[in-house]
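Okay, data13.cif now, which holds mmCIF, C-alpha atoms:
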data_coords
loop_
_atom_site.label_atom_id
_atom_site.label_comp_id
_atom_site.auth_asym_id
_atom_site.auth_seq_id
_atom_site.Cartn_x
_atom_site.Cartn_y
_atom_site.Cartn_z
CA THR A 1 -45.42 3.69 -1.93
CA PRO A 2 -43.08 5.45 -4.42
CA SER A 3 -43.42 8.74 -2.57
CA MET A 4 -42.48 7.17 0.74
CA ALA A 5 -39.48 5.44 -0.85
CA GLN A 6 -38.34 8.73 -2.38
CA ALA A 7 -38.72 10.51 0.93
CA ALA A 8 -36.66 7.81 2.64
CA ARG A 9 -33.90 8.18 0.07
CA LEU A 10 -33.85 11.95 0.50
CA ALA A 11 -33.65 11.56 4.27
CA ILE A 12 -30.68 9.22 3.88
CA ALA A 13 -28.97 11.71 1.59
CA ALA A 14 -29.52 14.54 4.06
CA ALA A 15 -28.15 12.45 6.91
CA LEU A 16 -25.06 11.59 4.93
CA CYS A 17 -24.45 15.21 4.06
CA SER A 18 -24.50 16.11 7.73
CA VAL A 19 -21.98 13.44 8.72
CA ALA A 20 -19.70 13.65 5.69
CA ASP A 21 -17.03 15.47 7.68
CA SER A 22 -16.81 12.58 10.12
CA PHE A 23 -15.12 10.37 7.54
CA MET A 24 -13.39 13.06 5.50
CA LEU A 25 -11.63 14.85 8.35
CA THR A 26 -8.74 13.44 10.35
CA PRO A 27 -6.45 14.84 13.09
CA PRO A 28 -4.32 17.85 12.05
CA ALA A 29 -0.55 17.72 11.47
CA LEU A 30 2.17 19.40 9.44
CA ARG A 31 1.36 22.74 11.06
CA ALA A 32 3.63 24.76 8.82
CA ILE A 33 1.30 24.45 5.84
CA GLN A 34 -1.20 27.18 5.06
CA PRO A 35 -4.79 26.42 6.15
CA LEU A 36 -7.47 25.29 3.78
CA THR A 37 -10.47 27.41 4.62
CA SER A 38 -13.22 25.67 2.70
CA LYS A 39 -14.09 23.53 -0.24
CA VAL A 40 -17.31 22.16 -1.62
CA SER A 41 -17.58 19.18 -3.92
CA SER A 42 -20.67 17.52 -5.30
CA VAL A 43 -21.27 13.83 -5.57
CA THR A 44 -24.21 12.48 -7.53
CA ARG A 45 -25.65 9.05 -7.52
CA THR A 46 -28.16 7.39 -9.80
CA ARG A 47 -30.23 4.53 -8.52
CA PRO A 48 -32.47 2.08 -10.41
CA GLY A 49 -35.90 3.41 -11.20
CA ASN A 50 -34.65 6.72 -12.63
CA PHE A 51 -34.15 8.14 -9.17
CA PHE A 52 -31.54 10.92 -9.23
CA GLN A 53 -30.08 11.78 -5.88
CA PRO A 54 -27.68 14.71 -5.50
CA CYS A 55 -25.71 15.32 -2.36
CA MET A 56 -23.49 18.35 -1.72
CA ILE A 57 -20.64 17.54 0.62
CA ALA A 58 -19.38 20.65 2.36
CA SER A 59 -16.06 20.27 4.10
CA ARG A 60 -15.30 23.04 6.61
CA ASP A 61 -11.55 22.58 7.03
CA SER A 62 -10.64 25.31 9.49
CA ASP A 63 -8.30 22.88 11.27
CA ARG A 64 -6.75 21.29 8.17
CA ARG A 65 -3.97 22.54 5.92
CA VAL A 66 -3.45 22.25 2.21
CA VAL A 67 -0.26 20.73 0.84
CA GLU A 68 -1.16 20.46 -2.86
CA GLY A 69 -4.14 21.36 -4.99
CA PRO A 70 -6.75 22.03 -6.08
CA PHE A 71 -7.13 19.12 -8.50
CA GLU A 72 -10.09 18.22 -10.66
CA GLY A 73 -11.23 14.67 -10.00
CA GLN A 74 -13.88 12.48 -11.50
CA PHE A 75 -16.32 13.43 -8.73
CA GLY A 76 -15.26 16.98 -7.95
CA THR A 77 -12.40 19.17 -6.83
CA TRP A 78 -10.06 17.78 -4.21
CA PHE A 79 -6.96 18.79 -2.28
CA VAL A 80 -4.01 17.04 -0.67
CA ASP A 81 -4.20 18.01 3.00
CA GLN A 82 -1.69 17.42 5.77
CA ASP A 83 -3.15 14.05 6.73
CA ASP A 84 -2.90 12.85 3.14
CA ALA A 85 0.72 14.03 3.14
CA ILE A 86 1.50 12.12 6.34
CA GLU A 87 -0.04 8.96 4.87
CA VAL A 88 1.92 9.25 1.61
CA LEU A 89 5.19 10.00 3.39
CA THR A 90 4.57 7.06 5.74
CA TYR A 91 4.03 4.83 2.71
CA ARG A 92 7.26 5.99 1.09
CA MET A 93 9.31 5.77 4.28
CA SER A 94 8.02 2.26 4.95
CA LEU A 95 9.15 1.25 1.46
CA VAL A 96 12.59 2.64 2.32
CA GLY A 97 12.59 0.58 5.52
CA ALA A 98 11.65 -2.60 3.64
CA ALA A 99 14.26 -1.95 0.94
CA LEU A 100 17.06 -1.18 3.41
CA SER A 101 16.30 -4.28 5.45
CA ALA A 102 16.45 -6.34 2.25
CA VAL A 103 19.77 -4.89 1.08
CA VAL A 104 21.36 -5.16 4.55
CA GLY A 105 20.13 -8.74 4.93
CA VAL A 106 21.44 -9.75 1.50
CA GLY A 107 24.73 -7.98 2.21
CA MET A 108 25.19 -9.78 5.54
CA ALA A 109 24.35 -13.15 3.99
CA LEU A 110 26.77 -12.78 1.07
CA MET A 111 29.60 -10.92 2.83
CA PRO A 112 31.43 -14.11 3.93
CA ASN A 113 31.81 -15.05 0.25
CA VAL A 114 33.51 -11.72 -0.45
CA VAL A 115 35.85 -11.20 2.51
CA GLN A 116 36.15 -14.76 3.85
CA SER A 117 34.59 -13.85 7.19
CA GLN A 118 32.41 -15.80 9.56
CA PRO A 119 28.72 -16.18 8.62
CA PRO A 120 26.50 -13.55 10.24
CA PRO A 121 24.48 -14.53 13.32
CA THR A 122 21.11 -15.97 12.37
CA ALA A 123 19.53 -13.57 14.86
CA ALA A 124 20.81 -10.61 12.83
CA LEU A 125 19.36 -12.02 9.61
CA ASP A 126 16.05 -12.71 11.33
CA ALA A 127 16.02 -9.15 12.69
CA MET A 128 16.28 -7.84 9.12
CA ALA A 129 13.44 -10.16 8.11
CA VAL A 130 11.25 -8.83 10.93
CA LEU A 131 12.06 -5.23 9.96
CA PHE A 132 11.14 -6.05 6.36
CA LEU A 133 7.83 -7.64 7.39
CA ALA A 134 6.92 -4.72 9.65
CA SER A 135 7.86 -2.06 7.10
CA PHE A 136 6.05 -3.82 4.29
CA GLY A 137 2.96 -4.18 6.48
CA VAL A 138 2.92 -0.40 6.98
CA SER A 139 3.27 0.05 3.22
CA LEU A 140 0.17 -2.06 2.59
CA LYS A 141 -1.71 -0.18 5.30
CA THR A 142 -1.01 3.23 3.73
CA ILE A 143 -1.03 2.45 0.01
CA HIS A 144 -3.91 3.89 -2.05
CA ILE A 145 -5.76 1.35 -4.20
CA TYR A 146 -9.19 2.06 -5.67
CA MET A 147 -10.21 -1.62 -5.72
CA LYS A 148 -10.86 -2.46 -2.09
CA PRO A 149 -11.01 -6.26 -2.69
CA MET A 150 -7.53 -6.13 -4.25
CA HIS A 151 -6.19 -4.06 -1.36
CA ASN A 152 -7.68 -6.47 1.16
CA MET A 153 -6.23 -9.43 -0.74
CA LEU A 154 -2.71 -7.97 -0.56
CA LYS A 155 -3.09 -7.36 3.17
CA ALA A 156 -4.39 -10.91 3.65
CA LEU A 157 -1.39 -12.32 1.76
CA TRP A 158 0.94 -10.27 3.95
CA ALA A 159 -0.81 -11.52 7.09
CA GLY A 160 -0.61 -15.11 5.88
CA GLY A 161 3.10 -14.72 5.19
CA ALA A 162 3.71 -13.11 8.58
CA LEU A 163 1.92 -15.93 10.40
CA GLY A 164 3.72 -18.48 8.28
CA SER A 165 7.04 -16.84 9.10
CA LEU A 166 6.26 -17.09 12.80
CA ALA A 167 5.40 -20.77 12.36
CA VAL A 168 8.69 -21.41 10.55
CA PHE A 169 10.62 -19.63 13.29
CA LEU A 170 8.94 -21.65 16.02
CA ALA A 171 8.82 -25.04 14.32
CA GLY A 172 11.86 -24.98 12.01
CA PRO A 173 14.86 -27.16 12.82
CA ASN A 174 17.15 -24.17 13.38
CA HIS A 175 14.52 -21.85 14.86
CA SER A 176 15.69 -19.23 12.37
CA LEU A 177 13.32 -17.83 9.76
CA VAL A 178 15.96 -16.92 7.20
CA ARG A 179 18.20 -19.95 7.62
CA ASP A 180 15.36 -22.45 7.66
CA CYS A 181 13.72 -20.94 4.55
CA PHE A 182 17.10 -20.96 2.79
CA GLU A 183 18.02 -24.53 3.72
CA HIS A 184 14.48 -25.93 3.44
CA SER A 185 12.79 -24.15 0.57
CA GLU A 186 9.48 -25.93 1.24
CA PHE A 187 9.05 -23.54 4.17
CA LEU A 188 8.33 -20.85 1.58
CA LEU A 189 4.88 -22.41 1.33
CA ALA A 190 4.29 -20.88 4.76
CA SER A 191 6.30 -17.65 4.67
CA GLY A 192 6.38 -16.91 0.95
CA TRP A 193 2.92 -15.32 0.74
CA THR A 194 4.54 -12.07 1.80
CA PHE A 195 6.54 -12.13 -1.44
CA VAL A 196 3.33 -12.67 -3.40
CA ALA A 197 1.91 -9.52 -1.79
CA LEU A 198 5.13 -7.62 -2.53
CA THR A 199 4.93 -8.70 -6.17
CA GLY A 200 1.39 -7.30 -6.21
CA LEU A 201 2.63 -3.97 -4.88
CA PHE A 202 5.28 -3.79 -7.60
CA PHE A 203 2.62 -4.57 -10.22
CA LYS A 204 0.43 -1.76 -8.89
CA GLU A 205 3.35 0.68 -8.99
CA PHE A 206 4.23 -0.28 -12.55
CA ALA A 207 0.61 -0.11 -13.70
CA CYS A 208 0.27 3.39 -12.25
CA PHE A 209 3.62 4.97 -13.12
CA GLN A 210 5.30 2.74 -15.75
CA ARG A 211 8.70 3.01 -14.08
CA TRP A 212 11.30 0.50 -15.21
CA GLU A 213 12.45 -0.34 -11.68
CA ALA A 214 8.94 -1.42 -10.69
CA SER A 215 8.71 -3.71 -13.72
CA ALA A 216 12.18 -5.13 -12.97
CA LEU A 217 11.18 -5.89 -9.37
CA PHE A 218 7.84 -7.35 -10.49
CA ALA A 219 9.67 -9.74 -12.83
CA SER A 220 12.71 -10.61 -10.70
CA LEU A 221 11.02 -11.41 -7.37
CA PRO A 222 8.95 -14.38 -8.64
CA ILE A 223 11.99 -15.70 -10.53
CA LEU A 224 14.16 -15.46 -7.41
CA THR A 225 11.69 -16.95 -4.93
CA GLY A 226 10.21 -19.47 -7.36
CA GLY A 227 13.63 -20.55 -8.57
CA HIS A 228 14.81 -21.10 -5.00
CA PHE A 229 11.66 -23.02 -4.12
CA LEU A 230 11.96 -25.32 -7.16
CA HIS A 231 15.79 -25.65 -6.93
CA ILE A 232 16.20 -24.67 -10.57
CA LEU A 233 18.58 -21.72 -10.15
CA PRO A 234 22.35 -22.23 -9.82
CA GLU A 235 23.66 -20.85 -6.56
CA ASP A 236 25.67 -18.08 -8.23
CA VAL A 237 22.65 -17.01 -10.29
CA GLU A 238 20.51 -16.94 -7.16
CA LYS A 239 23.05 -14.79 -5.33
CA GLY A 240 23.32 -12.43 -8.29
CA LEU A 241 19.54 -12.07 -8.55
CA ALA A 242 19.34 -11.36 -4.81
CA VAL A 243 21.91 -8.57 -5.13
CA ILE A 244 20.15 -7.08 -8.16
CA PHE A 245 16.74 -7.26 -6.49
CA ALA A 246 17.90 -5.62 -3.25
CA THR A 247 19.78 -2.87 -5.10
CA VAL A 248 16.90 -2.04 -7.43
CA PHE A 249 14.49 -2.15 -4.48
CA VAL A 250 16.46 0.62 -2.75
CA PHE A 251 16.54 2.64 -5.97
CA PHE A 252 12.78 2.13 -6.41
CA ALA A 253 12.04 3.29 -2.85
CA ALA A 254 14.30 6.34 -3.14
CA ARG A 255 12.75 7.45 -6.44
CA LYS A 256 9.30 7.55 -4.86
CA PHE A 257 10.31 10.85 -3.25
CA ASP A 258 10.70 12.65 -6.56
CA GLN A 259 6.99 12.22 -7.28
CA PRO A 260 4.37 14.77 -6.19
CA LEU A 261 2.30 13.71 -3.20
CA LYS A 262 -0.86 13.44 -5.28
CA ALA A 263 0.75 10.73 -7.41
CA ASP A 264 0.49 8.20 -4.58
CA ILE A 265 -3.09 9.25 -3.78
CA GLY A 266 -4.59 9.05 -7.25
CA ASP A 267 -8.00 10.70 -7.51
CA LYS A 268 -9.10 11.43 -3.95
CA SER A 269 -12.63 12.24 -5.09
CA ILE A 270 -13.04 8.59 -6.10
CA PHE A 271 -12.12 7.39 -2.61
CA GLU A 272 -14.55 9.90 -1.10
CA TYR A 273 -17.27 8.82 -3.51
CA LEU A 274 -16.73 5.13 -2.75
CA ALA A 275 -16.82 5.85 0.98
CA LEU A 276 -20.10 7.73 0.51
CA GLN A 277 -21.56 4.88 -1.53
CA GLU A 278 -20.67 2.44 1.21
CA LYS A 279 -22.36 4.59 3.83
CA ILE A 280 -25.48 4.91 1.69
CA GLU A 281 -25.67 1.15 1.23
CA LYS A 282 -25.31 0.57 4.96
CA LEU A 283 -28.05 3.08 5.79
CA GLU A 284 -30.39 1.61 3.17
CA LYS A 285 -30.16 -1.89 4.66
#

Take the structure in the file and write it out as structure tokens.
Amino acid sequence: TPSMAQAARLAIAAALCSVADSFMLTPPALRAIQPLTSKVSSVTRTRPGNFFQPCMIASRDSDRRVVEGPFEGQFGTWFVDQDDAIEVLTYRMSLVGAALSAVVGVGMALMPNVVQSQPPPTAALDAMAVLFLASFGVSLKTIHIYMKPMHNMLKALWAGGALGSLAVFLAGPNHSLVRDCFEHSEFLLASGWTFVALTGLFFKEFACFQRWEASALFASLPILTGGHFLHILPEDVEKGLAVIFATVFVFFAARKFDQPLKADIGDKSIFEYLALQEKIEKLEK
């Protein structure tokens, strides 16, 4: 009956209110920050059939600390706490790791052309590639994207590229990821999905912040990798693009630190609302 359905919905709402802290709270860190004593935000949800269901989410944060805030979001007031700060700083530091591995790898590969030295050991180039893959994986783990399917797609592309890179390393004629992908561009069909994911990250950064370096990276990476795969770029042009990409990548990663922490979070109330919606849908099944 309608009354029974309404009672069931109210019971679900009450249950969610009682467990809201379980998905909003995480282990404490950054102890030097002043504690956040309490905050209350409201989330409302409208279901078909003109059923209006309010739920007040009370967060008792005696063990958390505020870094920035308060901010007014689409679904209520929110704060940047110490765990948010750790996640954002991890994201930014992982971008630095990926950028530094790229610039060091490009520098080692091109150095013999500058100083007439011996080519670098393939193991050193592969080590930079592994550092890049690991750092970029952390970036995708800690990045904030409202659209969960898009976030999952980027992580899947990274995973496909990582597995493909392992396959190239094991099955390639030189057993070197970097050398085999350079000498046999068709191997990019296995390892190159990581670059597709990286292009997606640059697109997200440009869409959110409109910074020129993100747009430059978004444009140059497909040209560099696609041009190498199709053998349409002269060698000198390819080397020049690699240097430009690596240099701008480092500049892009460094400039992330001049943004406030909340910039890389977006609207936290939206993430909390989406998490609540997902819990409601699971409990209603």

Nearest-residue call for Leu131 (chain A), choices A:Ile145, A:Ile280, A:Leu110, A:Ala98, using all atoms listed in the file
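Closest residue, counting all atoms listed in the file: A:Ala98.
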
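What the PyMOL selection byres ((chain A and resi 192) around 9) picks from this file is Gly160, Gly161, Ala162, Gly164, Ser165, Phe187, Leu188, Leu189, Ala190, Ser191, Trp193, Thr194, Phe195, Val196 and Thr225 of chain A.
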
Å distance separating CA of Asn174 (chain A) from CA of Thr122 (chain A), one decimal place:
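If I compute the distance from CA of Asn174 (chain A) to CA of Thr122 (chain A), I get 9.2 Å.
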
Å distance separating CA of Leu198 (chain A) from CA of Val103 (chain A), one decimal place:
15.3 Å

Using all atoms listed in the file, find the one residue out of A:Met153, A:Leu170, A:Leu230, A:Leu221 that sits nearest to Glu186 (chain A).
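Using all atoms listed in the file, the shortest distance to Glu186 (chain A) belongs to A:Leu230.
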
Residue list as a VMD selection string for point (4.3, -7.5, -0.6), cut-off 12 Å, only C-alpha atoms
chain A and resid 94 to 95 98 to 99 132 to 141 143 151 153 to 162 191 to 205 217 to 218 221 to 222

Quick one: pull the distance between CA of Asn113 (chain A) and CA of Glu238 (chain A), Å, one decimal.
13.6 Å

I'd like to know which of A:Phe257, A:Ile86, A:Val178, A:Met150 is closest to Met128 (chain A), using all atoms listed in the file.
A:Val178

Looking at A:Ala242, A:Leu261, A:Leu224, A:Cys208, which one is nearest to Ala102 (chain A), with distances taken over all atoms listed in the file?
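Closest residue, counting all atoms listed in the file: A:Ala242.
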
Residues in the PyMOL selection byres ((chain A and resi 247) around 12), expressed as an NGL selection string
:A and (96 or 98-107 or 213 or 216-217 or 220 or 240-246 or 248-254)
